[in-house]
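Here the structure is laid out as structure tokens; the discussion comes afterwards.
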Amino acid sequence: MSKFHLGWFTNFSNPPWNHQWAGTEGRDWPSGDAHVEFTRALERACFDYIMLEDSSMVSDIFEGSSRVDLKYGLYSPKHDPLMLAPKLAAATSKIGIIATASTSFYPPWLLARRFASLDHIAHGRIGWNAVTSSEDRAAQNHGLDGLPPHDERYDRADEFVDLVKNLWDSWEPDAHVLDRENRVYVDHEKVHVLDHRGKYHASRGPLNLMRPPQGHPVICQAGGSPRGRAFAAKNADTLLTAGGEPADMKAYRDDVRARMAEAGRNPDGCKIMYITTPVMADTEDEAQAKAARLRASSAAKLETSLAHISAVTEIDFAALDLDTEFSELSTNGHTTTLANFTKLGSTPREAAIAWANANFRYVGTPDSVAEQMGEVMAEVGGDGFLITGNIGRRFVGEITEGLVPALQRRELVRSEYRHDTFRENLLEF
Ligand SMILES: Cc1cc2nc3c(=O)[nH]c(=O)nc-3n(C[C@H](O)[C@H](O)[C@H](O)COP(=O)(O)O)c2cc1C
């Protein structure tokens with residue numbers, strides 16, 4: 001089997017601040033220094049990328065109040081990922097850095113410019129997590145009453161991505177000629193006006209910066225619905241999705257690859273990354289005991305999980321009877337997340353606990369977890385894992401200094417970067 005890829009997902013939470021192994025990072029992270037430290041560790045472990053998630057709201061859906069969301073630091077506070085990305089880029093030289101930005105709120109020209117600038121600053125190591133956003137609360141921070149309907153958001157996003165790509169392409173690769181003899185800095189014949197007037201967006205163009213070093217920064221996405229998958233098949237270079245049963249992982253991958261082929265793309269051009277939080281300790285018994293502790297039900301876990309699902313679906317789960325079987329629920333937010341959530345148990349309480357534990361699938365010593373991950377990848381066919389969990393020194397260290405060396409000894413992941421740009425490393429195998 002060929003090697004698989006590794007990414008890190010920052011996962012809607014801040015570094016740990018109150019558990020036994022929390023150091024100073026839970027308090028100090030706003031300077032960005034802790035993220036620099038983590039990104040350097042991930043680069044030492046030859047990760048393909050770190051993905052900086054984003055949303056733009058303080059949710060108050062659960063209980064009709066932000067009490068629980070803020071108490072546990074759910075979805076906020078957080079940096080604007082586009083401001084953090086250059087700091088991470090300046091401190092590293094190989095790892096890819098993906099920043100999330102919404103097609104529902106950014107004007108396309110501004111987004112094209114920011115990601116082109118970032119890709120130049122990072123010497124070709126930037127990715128864009130193209131999200132359509134899921135919350136009216138976020139829309140309201142941008143002066144809108146609410147979001148457009150789910151599928152229409154993807155229609156808007158399709159046109160948005162095409163326009164952004166055209167803006168990146170509005171400078172031919174050799175437009176920046178620096179011709180000393182003829183005193184020409186930029187050849188104006190190689191810079192093109194677009195005059196785009198579409199159904200949803202308009203921009204005259206051209207961009208006011210050269211084409212990004214990667215041509216197009218890597219595009220990341222996480223759509224699970226049929227419309228989301230169609231968008232991904234057309235646009236995504238890497239896809240993020242839930243882990244779960246290998247048969248489901250394979251079915252998702254096969255479906256996306258078939259859609260890519262239908263859209264005229266090479267299915268190997270998109271790397272599908274499955275979320276997981278490995279649970280490791282020095283011995284199998286200790287790891288199993290640790291997993292049992294992590295999986296144990298608690299009031300805090302229940303509250304966090306319910307507030308989390310409330311935030312992304314904008315359904316107040318505090319208003320439901322936690323022990324009554326689910327009734328029909330629908331959302332204009334994360335449709336796939338809601339569908340997955342309700343499958344995990346017959347009542348909100350069962351589902352919330354199972355959801356909080358869903359990522360604890362691989363348990364053992366670093367060696368046995370490496371073996372389990374290798375077996376699942378062989379069954380699924382690729383392409384890699386997206387590690388998530390608390391972004392604290394101890395857990396990051398378990399991954400970068402324990403798991404990754406064990407994976408490298410099995411030649412399941414890379415031991416060195418072969419290329420300088422994110423896309424080249426992502427497409428290497
Ligand atoms: C691993 C993962 C990361 C995600 N990160 C973000 C994010 O940072 N910001 C955001 O608005 N949505 C994020 N989403 C939500 C997706 O963009 C998408 O809205 C969601 O998966 C529902 O897709 P669907 O509408 O096609 O079902 C993420 C989803 C997943 C699975």
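So you can find residues: chains in the structure tokens are A, B, ... in the order shown, residues in each start at 1, and ligands are numbered from 1 in order.
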Closest-contact table, chain A side, partner ligand 1, 7 Å, counting only C-alpha atoms and all ligand atoms, as a Markdown table:
```
| residue | atom | partner | partner_atom_place_in_ligand_line | distance |
| --- | --- | --- | --- | --- |
| A:Phe9 | CA | ligand 1 | 1 (C) | 6.8 |
| A:Leu52 | CA | ligand 1 | 8 (O) | 6.7 |
| A:Glu53 | CA | ligand 1 | 8 (O) | 3.2 |
| A:Asp54 | CA | ligand 1 | 8 (O) | 4.0 |
| A:Ser55 | CA | ligand 1 | 11 (O) | 5.1 |
| A:Thr100 | CA | ligand 1 | 8 (O) | 5.5 |
| A:Ser102 | CA | ligand 1 | 11 (O) | 6.8 |
| A:Val131 | CA | ligand 1 | 17 (O) | 4.5 |
| A:Thr132 | CA | ligand 1 | 19 (O) | 6.3 |
| A:Ser133 | CA | ligand 1 | 11 (O) | 4.0 |
| A:Ser134 | CA | ligand 1 | 19 (O) | 5.9 |
| A:His150 | CA | ligand 1 | 25 (O) | 6.6 |
| A:Gln221 | CA | ligand 1 | 17 (O) | 6.2 |
| A:Ala222 | CA | ligand 1 | 16 (C) | 4.6 |
| A:Gly223 | CA | ligand 1 | 26 (O) | 3.4 |
| A:Gly224 | CA | ligand 1 | 26 (O) | 4.0 |
| A:Ser225 | CA | ligand 1 | 26 (O) | 3.8 |
| A:Pro226 | CA | ligand 1 | 26 (O) | 6.7 |
| A:Arg227 | CA | ligand 1 | 26 (O) | 6.1 |
| A:Gly228 | CA | ligand 1 | 26 (O) | 3.7 |
| A:Arg229 | CA | ligand 1 | 26 (O) | 6.5 |
| A:Leu240 | CA | ligand 1 | 1 (C) | 4.8 |
| A:Thr241 | CA | ligand 1 | 31 (C) | 4.6 |
| A:Ala242 | CA | ligand 1 | 31 (C) | 5.9 |
| A:Ile275 | CA | ligand 1 | 1 (C) | 6.5 |
| A:Gly333 | CA | ligand 1 | 25 (O) | 6.6 |
| A:His334 | CA | ligand 1 | 22 (C) | 4.1 |
| A:Thr335 | CA | ligand 1 | 27 (O) | 4.3 |
| A:Thr336 | CA | ligand 1 | 27 (O) | 3.9 |
| A:Thr337 | CA | ligand 1 | 22 (C) | 6.2 |
```
- prompt: Using only C-alpha atoms, which residues sit within 7 Å of stretch 23-25 of chain A once same-chain residues fewer than 5 positions away are excluded, as a PyMOL selection string?
  reply: chain A and resi 15+17+34+392
Could you save those same residues with C-alpha atoms as a JSON list (two decimals), in the first residue's frame?
```
[["chain", "number", "residue", "atom", "x", "y", "z"],
["A", 15, "PRO", "CA", -5.69, 24.56, 24.12],
["A", 17, "TRP", "CA", -6.39, 25.08, 30.42],
["A", 34, "ALA", "CA", 1.56, 28.23, 21.13],
["A", 392, "GLY", "CA", -1.97, 21.01, 24.02]]
```
task: Using DSSP on the backbone coordinates, identify all residues within stretch 45-94 of chain A classified as strand (DSSP E); present the result as a list in words.
output: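 The strand (DSSP E) residues within stretch 45-94 of chain A come out as Tyr49, Ile50, Met51 and Leu52 of chain A.
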For the residues selected in the previous step, produce a file with C-alpha atoms as an mmCIF file, in the first residue's frame.
```cif
data_model
loop_
_atom_site.group_PDB
_atom_site.id
_atom_site.type_symbol
_atom_site.label_atom_id
_atom_site.label_comp_id
_atom_site.auth_asym_id
_atom_site.auth_seq_id
_atom_site.Cartn_x
_atom_site.Cartn_y
_atom_site.Cartn_z
ATOM 1 C CA TYR A 49 -1.020 20.351 6.887
ATOM 2 C CA ILE A 50 -2.606 22.067 9.810
ATOM 3 C CA MET A 51 -6.205 23.122 9.163
ATOM 4 C CA LEU A 52 -7.363 26.210 11.057
#
```
message: Would you pick out the contacts of stretch 292-299 of chain A at 9 Å or less, using only C-alpha atoms, so that residues sharing its chain but fewer than 2 positions from it are not included, and give the list as a VMD selection string?
response: chain A and resid 279 287 to 290 301 to 304 353 to 354 356 to 357 360
- request: Identify, with DSSP run on backbone atoms, the residues in stretch 52-173 of chain A assigned to alpha helix (DSSP H), and express the list as a PyMOL selection string.
  value: chain A and resi 67-71+81-90+108-121+136-141+150-168
Using only C-alpha atoms, which protein or nucleic acid residues come within 9 Å of A:Thr342? Drop anything in the same chain fewer than 5 positions from it, and give the result as a PDB file with N, CA and C atoms, in the first residue's frame.
```
ATOM      1  N   PHE A 326     -35.775  10.405  19.387  1.00  0.00           N
ATOM      2  CA  PHE A 326     -35.709  11.537  18.465  1.00  0.00           C
ATOM      3  C   PHE A 326     -36.977  11.660  17.646  1.00  0.00           C
ATOM      4  N   LEU A 329     -35.909  15.856  12.919  1.00  0.00           N
ATOM      5  CA  LEU A 329     -35.244  17.148  13.095  1.00  0.00           C
ATOM      6  C   LEU A 329     -34.705  17.597  11.745  1.00  0.00           C
ATOM      7  N   THR A 337     -23.835  16.490   9.651  1.00  0.00           N
ATOM      8  CA  THR A 337     -23.493  16.319  11.067  1.00  0.00           C
ATOM      9  C   THR A 337     -24.749  15.925  11.848  1.00  0.00           C
ATOM     10  N   THR A 347     -31.915   8.407  21.581  1.00  0.00           N
ATOM     11  CA  THR A 347     -32.353   9.621  22.284  1.00  0.00           C
ATOM     12  C   THR A 347     -31.234  10.674  22.205  1.00  0.00           C
ATOM     13  N   PRO A 348     -31.561  11.940  22.436  1.00  0.00           N
ATOM     14  CA  PRO A 348     -30.517  12.972  22.418  1.00  0.00           C
ATOM     15  C   PRO A 348     -29.390  12.680  23.423  1.00  0.00           C
ATOM     16  N   ALA A 351     -27.128   9.910  21.968  1.00  0.00           N
ATOM     17  CA  ALA A 351     -26.398  10.398  20.800  1.00  0.00           C
ATOM     18  C   ALA A 351     -25.307  11.385  21.208  1.00  0.00           C
ATOM     19  N   ALA A 352     -25.617  12.251  22.177  1.00  0.00           N
ATOM     20  CA  ALA A 352     -24.645  13.280  22.580  1.00  0.00           C
ATOM     21  C   ALA A 352     -23.390  12.646  23.171  1.00  0.00           C
TER      22      ALA A 352
END
```
Point-to-point distance from atom CA of A:Glu43 to atom CA of A:Trp8, Å rounded to tenths: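 Value for the atom CA of A:Glu43-atom CA of A:Trp8 distance: 10.8 Å.
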field: Among the residues A:Asp48, A:Glu37, A:Asp151, A:Asp367, the one that comes closest to A:Ile387 [using only C-alpha atoms]
entry: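 Ranking A:Asp48, A:Glu37, A:Asp151, A:Asp367 by distance to A:Ile387, first place goes to A:Asp48.
Note that the spacing between atom CA of A:Thr388 and atom CA of A:Phe47 amounts to 12.9 Å.
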- prompt: When you draw a straight line from atom CA of A:Ala99 to atom CA of A:Trp128, how long is it in Å?
  reply: 5.2 Å
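Compared by their closest atoms to A:Lys190, and using only C-alpha atoms, the residues A:Gly73, A:Val68, A:Pro173, A:Leu178 rank with A:Pro173 nearest.
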- prompt: Counting only C-alpha atoms, which of A:Ala358, A:Val396, A:Cys220, A:Ile98 gets nearest to A:Leu82?
  reply: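 The closest residue to A:Leu82 is A:Ile98.
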